[in-house]
Amino acid sequence: MSRNKIIPYNPELRSYARSLRNNSTFSEILLWQQIKKRKLGVQFHRQVPMDQFIVDFYCHEIMLAIEVDGRSHHNPKQAAKDVERQNILEGYGVQFIRIRDEEVKNNMDRVLRYLKSKVVSLLE
């Protein structure tokens with residue numbers, strides 16, 4: 001896998017990504033507190049533009065995206081858009097982890113163990 005691959009994105013998404021960073025959901029804030037500053041051994045960034053999309057968290061080193069899915073993602077129409085978006089970004093070599101926001105709020109230890117194991121396996 002080519003590490004640190006730059007994935008092209010629509011420059012018009014930059015200001016929207018900044019707005020999302022400034023208006024994060026509670027679950028995104030909770031998770032960010034646990035993964036920022038290389039706490040999992042790699043650097044994640046928040047609200048990263050990729051192609052025509054923005055992912056919640058992304059690590060360029062291991063091409064790993066983390067999406068925190070709230071209630072809106074349970075809607076079948078939104079779920080279909082999520083799958084399409086994920087398939088497009090996986091075409092660039094990005095791996096995805098989807099986490100329900102309830103998991104972040106209620107099972108942070110389990111979420112962090114899972115993320116750490118995924119990071120370790122991708123670094124090998």
# chains A, B, ... in the order shown; residues from 1 in each chain; ligands from 1

$ select_by_dssp --residues "chain A" --states "alpha helix (DSSP H)" --output "PyMOL selection string"
chain A and resi 13-22+26-35+76-90+101-106+108-123

$ closest_residue --among "A:Val104, A:Ala17, A:Tyr9, A:Phe53" --to "A:Asp82" --atoms "only C-alpha atoms"
A:Phe53

$ residues_around --residues "stretch 56-67 of chain A" --least-positions-apart "6" --cutoff "8 Å" --atoms "only C-alpha atoms" --output "ChimeraX atom specification"
/A:3-6,28,42-48,93-99,119,122-123

$ closest_residue --among "A:Glu124, A:Asp109, A:Gly70, A:Lys116" --to "A:Ser24" --atoms "only C-alpha atoms"
A:Gly70

$ atom_distance --atom1 "atom CA of A:Ile7" --atom2 "atom CA of A:Arg21"
19.5 Å

$ atom_distance --atom1 "atom CA of A:Val68" --atom2 "atom CA of A:Arg100"
5.7 Å

$ closest_residue --among "A:Ser121, A:Gln86, A:Asp69, A:Tyr92" --to "A:Pro8" --atoms "only C-alpha atoms"
A:Tyr92

$ select_by_dssp --residues "stretch 3-123 of chain A" --states "strand (DSSP E or B)" --output "list in words"
Tyr9, His45, Arg46, Gln47, Val48, Pro49, Met50, Asp51, Phe53, Ile54, Val55, Asp56, Phe57, Tyr58, Cys59, Leu64, Ala65, Ile66, Glu67, Val68, Asp69, Gln95, Phe96, Ile97, Arg98, Ile99 and Arg100 of chain A

$ write_last_selection --atoms "N, CA and C atoms" --output "PDB file, in the first residue's frame"
ATOM      1  N   TYR A   9      -9.327  16.198  -4.054  1.00  0.00           N
ATOM      2  CA  TYR A   9     -10.616  16.596  -3.496  1.00  0.00           C
ATOM      3  C   TYR A   9     -11.065  17.904  -4.124  1.00  0.00           C
ATOM      4  N   HIS A  45      -6.573  13.351  11.385  1.00  0.00           N
ATOM      5  CA  HIS A  45      -7.066  14.704  11.133  1.00  0.00           C
ATOM      6  C   HIS A  45      -8.585  14.633  11.120  1.00  0.00           C
ATOM      7  N   ARG A  46      -9.217  15.760  11.445  1.00  0.00           N
ATOM      8  CA  ARG A  46     -10.687  15.806  11.504  1.00  0.00           C
ATOM      9  C   ARG A  46     -11.253  16.407  10.225  1.00  0.00           C
ATOM     10  N   GLN A  47     -12.426  15.892   9.825  1.00  0.00           N
ATOM     11  CA  GLN A  47     -13.189  16.440   8.707  1.00  0.00           C
ATOM     12  C   GLN A  47     -12.295  16.703   7.497  1.00  0.00           C
ATOM     13  N   VAL A  48     -11.837  15.625   6.886  1.00  0.00           N
ATOM     14  CA  VAL A  48     -10.877  15.689   5.789  1.00  0.00           C
ATOM     15  C   VAL A  48     -11.599  15.562   4.445  1.00  0.00           C
ATOM     16  N   PRO A  49     -11.431  16.558   3.559  1.00  0.00           N
ATOM     17  CA  PRO A  49     -12.008  16.455   2.214  1.00  0.00           C
ATOM     18  C   PRO A  49     -11.278  15.385   1.394  1.00  0.00           C
ATOM     19  N   MET A  50     -12.059  14.551   0.716  1.00  0.00           N
ATOM     20  CA  MET A  50     -11.527  13.512  -0.161  1.00  0.00           C
ATOM     21  C   MET A  50     -12.503  13.358  -1.315  1.00  0.00           C
ATOM     22  N   ASP A  51     -12.019  13.501  -2.547  1.00  0.00           N
ATOM     23  CA  ASP A  51     -12.869  13.418  -3.724  1.00  0.00           C
ATOM     24  C   ASP A  51     -13.978  14.466  -3.562  1.00  0.00           C
ATOM     25  N   PHE A  53     -16.226  14.290  -1.073  1.00  0.00           N
ATOM     26  CA  PHE A  53     -16.771  13.951   0.235  1.00  0.00           C
ATOM     27  C   PHE A  53     -15.889  14.504   1.347  1.00  0.00           C
ATOM     28  N   ILE A  54     -16.394  14.396   2.577  1.00  0.00           N
ATOM     29  CA  ILE A  54     -15.611  14.738   3.767  1.00  0.00           C
ATOM     30  C   ILE A  54     -15.750  13.570   4.731  1.00  0.00           C
ATOM     31  N   VAL A  55     -14.610  13.057   5.223  1.00  0.00           N
ATOM     32  CA  VAL A  55     -14.657  11.969   6.203  1.00  0.00           C
ATOM     33  C   VAL A  55     -14.401  12.554   7.587  1.00  0.00           C
ATOM     34  N   ASP A  56     -14.997  11.930   8.602  1.00  0.00           N
ATOM     35  CA  ASP A  56     -14.893  12.455   9.968  1.00  0.00           C
ATOM     36  C   ASP A  56     -13.449  12.518  10.455  1.00  0.00           C
ATOM     37  N   PHE A  57     -12.729  11.398  10.348  1.00  0.00           N
ATOM     38  CA  PHE A  57     -11.336  11.336  10.794  1.00  0.00           C
ATOM     39  C   PHE A  57     -10.540  10.556   9.752  1.00  0.00           C
ATOM     40  N   TYR A  58      -9.305  10.996   9.504  1.00  0.00           N
ATOM     41  CA  TYR A  58      -8.494  10.310   8.506  1.00  0.00           C
ATOM     42  C   TYR A  58      -7.035  10.326   8.919  1.00  0.00           C
ATOM     43  N   CYS A  59      -6.374   9.179   8.718  1.00  0.00           N
ATOM     44  CA  CYS A  59      -4.939   9.051   8.942  1.00  0.00           C
ATOM     45  C   CYS A  59      -4.278   8.789   7.595  1.00  0.00           C
ATOM     46  N   LEU A  64      -6.483   5.309   6.612  1.00  0.00           N
ATOM     47  CA  LEU A  64      -7.617   4.811   7.386  1.00  0.00           C
ATOM     48  C   LEU A  64      -8.583   5.950   7.688  1.00  0.00           C
ATOM     49  N   ALA A  65      -9.844   5.748   7.308  1.00  0.00           N
ATOM     50  CA  ALA A  65     -10.911   6.703   7.607  1.00  0.00           C
ATOM     51  C   ALA A  65     -11.792   6.124   8.700  1.00  0.00           C
ATOM     52  N   ILE A  66     -12.194   6.987   9.627  1.00  0.00           N
ATOM     53  CA  ILE A  66     -13.131   6.595  10.677  1.00  0.00           C
ATOM     54  C   ILE A  66     -14.366   7.478  10.519  1.00  0.00           C
ATOM     55  N   GLU A  67     -15.512   6.844  10.433  1.00  0.00           N
ATOM     56  CA  GLU A  67     -16.781   7.553  10.340  1.00  0.00           C
ATOM     57  C   GLU A  67     -17.597   7.258  11.583  1.00  0.00           C
ATOM     58  N   VAL A  68     -18.101   8.294  12.226  1.00  0.00           N
ATOM     59  CA  VAL A  68     -18.996   8.147  13.364  1.00  0.00           C
ATOM     60  C   VAL A  68     -20.412   8.360  12.833  1.00  0.00           C
ATOM     61  N   ASP A  69     -21.189   7.295  12.860  1.00  0.00           N
ATOM     62  CA  ASP A  69     -22.533   7.332  12.290  1.00  0.00           C
ATOM     63  C   ASP A  69     -23.585   7.592  13.350  1.00  0.00           C
ATOM     64  N   GLN A  95      -9.134   2.579   3.695  1.00  0.00           N
ATOM     65  CA  GLN A  95      -9.888   1.602   4.483  1.00  0.00           C
ATOM     66  C   GLN A  95     -10.814   2.370   5.424  1.00  0.00           C
ATOM     67  N   PHE A  96     -11.973   1.780   5.672  1.00  0.00           N
ATOM     68  CA  PHE A  96     -12.992   2.438   6.482  1.00  0.00           C
ATOM     69  C   PHE A  96     -13.284   1.672   7.754  1.00  0.00           C
ATOM     70  N   ILE A  97     -13.530   2.435   8.812  1.00  0.00           N
ATOM     71  CA  ILE A  97     -14.125   1.906  10.031  1.00  0.00           C
ATOM     72  C   ILE A  97     -15.348   2.773  10.288  1.00  0.00           C
ATOM     73  N   ARG A  98     -16.478   2.133  10.440  1.00  0.00           N
ATOM     74  CA  ARG A  98     -17.714   2.836  10.767  1.00  0.00           C
ATOM     75  C   ARG A  98     -18.064   2.491  12.206  1.00  0.00           C
ATOM     76  N   ILE A  99     -18.319   3.518  12.989  1.00  0.00           N
ATOM     77  CA  ILE A  99     -18.652   3.335  14.400  1.00  0.00           C
ATOM     78  C   ILE A  99     -19.955   4.063  14.673  1.00  0.00           C
ATOM     79  N   ARG A 100     -20.895   3.386  15.294  1.00  0.00           N
ATOM     80  CA  ARG A 100     -22.150   4.044  15.666  1.00  0.00           C
ATOM     81  C   ARG A 100     -21.879   5.023  16.807  1.00  0.00           C
TER      82      ARG A 100
END

$ closest_residue --among "A:Ile35, A:Leu89, A:Met108, A:Leu115" --to "A:Gln52" --atoms "only C-alpha atoms"
A:Leu89

$ atom_distance --atom1 "atom CA of A:Glu102" --atom2 "atom CA of A:Tyr16"
25.0 Å
